[in-house]
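Taking it in order: structure first as structure tokens, then the write-up.
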Amino acid sequence: MSDRVRYRLIVMAAVLTVVVVPVLVQLVRLQVVQHTYYLDLAKALTEHTESVTAPRGRIWDRRGHLLADNVSRYQVSADPGNVNLDNVVKKLAPTLNLSPGDLRATLAGAQSQVVLSTSLSLAAGRAVQDLNLWAVYSTPYWQRAYPEHQLLSQVLGFVNAKGEGYYGVEGIYDSALRGQRKEWEATQDAWFQPSPFDPAYPANPRSGTDLVLTIDRTFQALTEAELQRALAGTGAKSGTIIVMDPRTGAILAMASLPSFDPNNYLTTSKERFVNPAVSGTYEPGSVFKVLTMAAALQEGLVTPDTKYNDTACLEVGGLSVCNWDRKAHGTTNMVDLLARSLNVGAATLSTRMGGQTFYKYVQAFGIGQTTGIDLQFEESGNLRMPGDLDWHASDLGTHAFGQGLSVTPIQMIAAVAAVANEGMLMRPYVVAQKIDSGQVLTAKPTPNGRVISSQVAHTLSGMLEQAVERESSPARVPGYRIAGKTGTAQIPIAGGYDDPWTIGSFVGWGPVSDPRLIILVKLDRPTSSMWGAETAAPVFSRLASRLFVLMGIPTDKAMASK
Amino acid sequence: MDEPRQSESHGSKRSGWPAGSIALRLTLVVALLGLLAGLFLLQASEIAVTARRVEALRQKRDDLRRENADLLDQIAVEGSIPRLQDRAAKLGLVPAGQVEYLPVTAIPPDSAPTLRGQWAKNSEAER
């Protein structure tokens, strides 16, 4: 090899060394020294956490009508750093129904990804997708919808934008109703488009459990219409009606007004979210005499024919307890006591029983405790007992006719329903079935214990039927045997009662021979009359007569002719 | 008889494989590699096409689910009590008055919730 060739080889080797060595060094730096850093950088570009949430479980009425479902809505957002501003404003503004100036200002003013519109319909969301705008994203999500709007709103509750259920069934069954949410590391290409097939994509996240209510939407609509009519007719500020099957505790309708539209819960005052049927407490007044009489009959203290001398007032624990009419009714039997709703008579029974016995029955009827109904925020009411610091001896007299204690409407109807149900107290419930992945779980009626014997329950039902008939009560339903009791209660405020306002109520059931429904009507602060017999009782009659027809219950006359 | 064979064998050891044989073998190796590469390419492109198709089907399924949910809601809204009441009022219907009953023993009275197993299966299948 000549020197010249050798020289050339050395030069070539030197040049190659100068060129290749830095490349090799750089390769080692990138691939070995800073391997983790660049790997993370690459992953950040091609991978991101995605999530998918299955739809929330739907809610149906007992006949398969939808009460709560899910609709598809879209959220449109944009990455202002990467959008073609002119193009986006020109094409997106008309699609989103936004003014071009506002859209331009929003995009120009934002530093990071900005939400341009939410709650877009399926068609609008897809229209945005079809525009194929760079760095503009149209993302679908599920939104709760209530097709019946205000109907049953306080029983259903609502779901917020985060998918969290509040109040009513939505609140108490939130975890069961929620659809499964799955997250995964999704891959995308250099243009931020998702990989055509991502094996990590979760196959089928499980939808939430469907619920079937015991409530019939037709009954509910009738009940709400009657309540609305009652408020308009009596001038009452608010009211509640509960319709229940006394044999099982299944709620057939539960209405309170004023209510709200759960589709627009954001525009509603929070007070309306609360269901007064389970969360509102009040002094029940004379309806409570049903429980006092049940206790006295069960103890063998009285029979329907037992008489007592009714004076206008009776002193109990240093307090004078008087009849509503302040009249002395003289020798009176137990049926008349109920028919005329005599406070002195009720106080006479409770004092004869004594505190221990009387309160034993009051507690057994579930007063002072929650009923366990499957609705959120149930209250327990207030019952002072002997031994409590705030209990007074006079309470034994006033509690006998429903004064000085507070109950919820659901407590009151459940307690009286025990009399209609042969003495067995049932736990009220609103969810009849849960449907999870095709499996149906049916709720079973739950007895909360026997309070009185079936014989005593029959006797008391008969007495209350006579009481309704004897006083020609407006609660009567033509063709049907009805038992029930009116109540008129003052409204307690700090330092006394809010005169002259009252709460008028009626609890009744029928047909007495085979009770199929029990209804509680409660009207707050009526102006047409202060008496429950004149305000709540006619509402019961109108509602019961229509519900009997809807339920296909023949009149007693028709039954007798069979 | 054995000598010529030995001679061939020795000759072969000396000169290696014939040039033609090497070229043939190289060609075969290249063809095999080409075939493998082609198969790999075919498979990769087929996977890509299938993946696109699967993705499109998945997208379509999700879209149909969303459309189905919206249609279900529309049906519910159209059949809702306020809508029915409006429609009934426009048709001149009024609430029934006094109802007279004809006892028919064969028809059972109203009973518990009507939704049962088959309905639940249908509901699930529709999702």
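Residues in the structure tokens are named by chain (A, B, ... in the order shown) and by number from 1 within that chain; ligands are numbered from 1 in the order shown.
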| field | Polymer residues at most 10 Å from Asn333 of chain A, only C-alpha atoms, same-chain spacing of 2 or more positions, as a ChimeraX atom specification | value | /A:302-310,330-331,335-339,345
Generate the output file for the selected residues, N, CA and C atoms, as an mmCIF file, in the first residue's frame.
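Full text of out-v7.cif as output:
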data_model
loop_
_atom_site.group_PDB
_atom_site.id
_atom_site.type_symbol
_atom_site.label_atom_id
_atom_site.label_comp_id
_atom_site.auth_asym_id
_atom_site.auth_seq_id
_atom_site.Cartn_x
_atom_site.Cartn_y
_atom_site.Cartn_z
ATOM 1 N N VAL A 302 -111.466 -0.307 77.448
ATOM 2 C CA VAL A 302 -112.783 0.094 76.953
ATOM 3 C C VAL A 302 -113.242 -0.852 75.852
ATOM 4 N N THR A 303 -114.558 -0.776 75.582
ATOM 5 C CA THR A 303 -115.148 -1.405 74.393
ATOM 6 C C THR A 303 -115.867 -0.278 73.654
ATOM 7 N N PRO A 304 -116.372 -0.537 72.462
ATOM 8 C CA PRO A 304 -117.054 0.555 71.747
ATOM 9 C C PRO A 304 -118.208 1.158 72.549
ATOM 10 N N ASP A 305 -118.799 0.351 73.436
ATOM 11 C CA ASP A 305 -119.972 0.847 74.175
ATOM 12 C C ASP A 305 -119.614 1.470 75.519
ATOM 13 N N THR A 306 -118.381 1.412 75.891
ATOM 14 C CA THR A 306 -117.983 1.997 77.173
ATOM 15 C C THR A 306 -118.284 3.492 77.179
ATOM 16 N N LYS A 307 -118.853 3.945 78.295
ATOM 17 C CA LYS A 307 -119.224 5.364 78.369
ATOM 18 C C LYS A 307 -118.356 6.081 79.392
ATOM 19 N N TYR A 308 -118.195 7.350 79.173
ATOM 20 C CA TYR A 308 -117.523 8.203 80.160
ATOM 21 C C TYR A 308 -118.269 9.519 80.201
ATOM 22 N N ASN A 309 -118.044 10.284 81.242
ATOM 23 C CA ASN A 309 -118.725 11.574 81.384
ATOM 24 C C ASN A 309 -117.835 12.659 80.803
ATOM 25 N N ASP A 310 -118.275 13.194 79.688
ATOM 26 C CA ASP A 310 -117.455 14.197 79.013
ATOM 27 C C ASP A 310 -117.758 15.588 79.552
ATOM 28 N N GLY A 330 -121.316 15.286 78.011
ATOM 29 C CA GLY A 330 -121.983 14.393 78.962
ATOM 30 C C GLY A 330 -121.592 12.942 78.749
ATOM 31 N N THR A 331 -122.554 12.055 78.983
ATOM 32 C CA THR A 331 -122.265 10.621 78.858
ATOM 33 C C THR A 331 -122.060 10.271 77.380
ATOM 34 N N VAL A 335 -117.526 5.371 70.359
ATOM 35 C CA VAL A 335 -117.759 5.716 68.944
ATOM 36 C C VAL A 335 -118.020 7.209 68.823
ATOM 37 N N ASP A 336 -118.822 7.718 69.730
ATOM 38 C CA ASP A 336 -119.102 9.163 69.694
ATOM 39 C C ASP A 336 -117.844 9.975 69.999
ATOM 40 N N LEU A 337 -117.012 9.431 70.870
ATOM 41 C CA LEU A 337 -115.742 10.124 71.171
ATOM 42 C C LEU A 337 -114.961 10.360 69.876
ATOM 43 N N LEU A 338 -114.931 9.285 69.055
ATOM 44 C CA LEU A 338 -114.198 9.410 67.787
ATOM 45 C C LEU A 338 -114.971 10.274 66.789
ATOM 46 N N ALA A 339 -116.288 10.070 66.731
ATOM 47 C CA ALA A 339 -117.101 10.801 65.748
ATOM 48 C C ALA A 339 -117.054 12.303 66.015
ATOM 49 N N GLY A 345 -112.160 13.142 75.967
ATOM 50 C CA GLY A 345 -112.280 11.682 75.933
ATOM 51 C C GLY A 345 -110.929 11.029 75.707
#
| Which parts of segment 14-184 of chain A does DSSP call strand (DSSP E) when run on the backbone here, written out as a PyMOL selection string? | chain A and resi 47-53+59-60+66-78+114-120+136-145+158-159+165-166+181-184
For chain A versus chain B, which residues have an atom no more than 8 Å away, and what is each residue's nearest atom pair and distance in Å rounded to one decimal, using only C-alpha atoms, chain-then-number order, as JSON lines?
{"residue": "A:Arg62", "atom": "CA", "partner": "B:Pro113", "partner_atom": "CA", "distance": 4.8}
{"residue": "A:Arg63", "atom": "CA", "partner": "B:Thr114", "partner_atom": "CA", "distance": 5.6}
{"residue": "A:Gly64", "atom": "CA", "partner": "B:Leu115", "partner_atom": "CA", "distance": 6.4}
{"residue": "A:His65", "atom": "CA", "partner": "B:Ala76", "partner_atom": "CA", "distance": 7.3}
{"residue": "A:Leu66", "atom": "CA", "partner": "B:Ala76", "partner_atom": "CA", "distance": 6.1}
{"residue": "A:Asp69", "atom": "CA", "partner": "B:Asp73", "partner_atom": "CA", "distance": 6.8}
{"residue": "A:Asn70", "atom": "CA", "partner": "B:Ala69", "partner_atom": "CA", "distance": 6.5}
{"residue": "A:Val71", "atom": "CA", "partner": "B:Asp70", "partner_atom": "CA", "distance": 5.2}
{"residue": "A:Ser72", "atom": "CA", "partner": "B:Arg66", "partner_atom": "CA", "distance": 5.6}
{"residue": "A:Leu122", "atom": "CA", "partner": "B:Glu67", "partner_atom": "CA", "distance": 7.6}
{"residue": "A:Ala145", "atom": "CA", "partner": "B:Asp73", "partner_atom": "CA", "distance": 7.7}
{"residue": "A:Pro147", "atom": "CA", "partner": "B:Val77", "partner_atom": "CA", "distance": 4.7}
{"residue": "A:Glu148", "atom": "CA", "partner": "B:Ser80", "partner_atom": "CA", "distance": 5.5}
{"residue": "A:Pro196", "atom": "CA", "partner": "B:Arg52", "partner_atom": "CA", "distance": 5.2}
{"residue": "A:Phe197", "atom": "CA", "partner": "B:Ala51", "partner_atom": "CA", "distance": 4.9}
{"residue": "A:Val212", "atom": "CA", "partner": "B:Leu115", "partner_atom": "CA", "distance": 7.8}
{"residue": "A:Thr214", "atom": "CA", "partner": "B:Pro113", "partner_atom": "CA", "distance": 6.7}
{"residue": "A:Arg217", "atom": "CA", "partner": "B:Ile81", "partner_atom": "CA", "distance": 8.0}
{"residue": "A:Thr218", "atom": "CA", "partner": "B:Ile81", "partner_atom": "CA", "distance": 7.5}
{"residue": "A:Ala221", "atom": "CA", "partner": "B:Ile81", "partner_atom": "CA", "distance": 7.1}
{"residue": "A:Ala432", "atom": "CA", "partner": "B:Pro113", "partner_atom": "CA", "distance": 7.1}
{"residue": "A:Ile435", "atom": "CA", "partner": "B:Ala120", "partner_atom": "CA", "distance": 6.6}
{"residue": "A:Ser437", "atom": "CA", "partner": "B:Glu124", "partner_atom": "CA", "distance": 6.5}
{"residue": "A:Gly438", "atom": "CA", "partner": "B:Lys121", "partner_atom": "CA", "distance": 5.2}
{"residue": "A:Gln439", "atom": "CA", "partner": "B:Ala120", "partner_atom": "CA", "distance": 7.3}
{"residue": "A:Val440", "atom": "CA", "partner": "B:Gly117", "partner_atom": "CA", "distance": 6.4}
{"residue": "A:Val549", "atom": "CA", "partner": "B:Val99", "partner_atom": "CA", "distance": 7.3}
{"residue": "A:Met551", "atom": "CA", "partner": "B:Asp110", "partner_atom": "CA", "distance": 5.6}
{"residue": "A:Gly552", "atom": "CA", "partner": "B:Pro109", "partner_atom": "CA", "distance": 6.1}
{"residue": "A:Ile553", "atom": "CA", "partner": "B:Pro109", "partner_atom": "CA", "distance": 6.9}
{"residue": "A:Pro554", "atom": "CA", "partner": "B:Tyr101", "partner_atom": "CA", "distance": 6.0}
{"residue": "A:Thr555", "atom": "CA", "partner": "B:Tyr101", "partner_atom": "CA", "distance": 7.3}
{"residue": "A:Ala558", "atom": "CA", "partner": "B:Pro103", "partner_atom": "CA", "distance": 6.5}
{"residue": "A:Met559", "atom": "CA", "partner": "B:Pro103", "partner_atom": "CA", "distance": 7.2}
{"residue": "A:Lys562", "atom": "CA", "partner": "B:Pro103", "partner_atom": "CA", "distance": 6.7}
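Every protein or nucleic acid residue with an atom no more than 7 Å from Pro140 of chain A, counting only C-alpha atoms and leaving out same-chain residues fewer than 6 positions away, appears here: Ser72, Arg73, Tyr74 and Gln75 of chain A.
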| If you run DSSP on the backbone, which residues of segment 99-140 of chain A are alpha helix (DSSP H), as an MDAnalysis selection string? | chainID A and resid 100:109 122:130
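Near Val89 of chain A, within a cut-off of 8 Å and counting only C-alpha atoms, sit the residues Leu85, Asp86, Leu92, Ala93, Pro100, Leu103 and Arg104 of chain A, with same-chain residues fewer than 3 positions away left out.
Interatomic distance, atom CA of Ala236 of chain A to atom CA of Leu523 of chain A: 6.0 Å.
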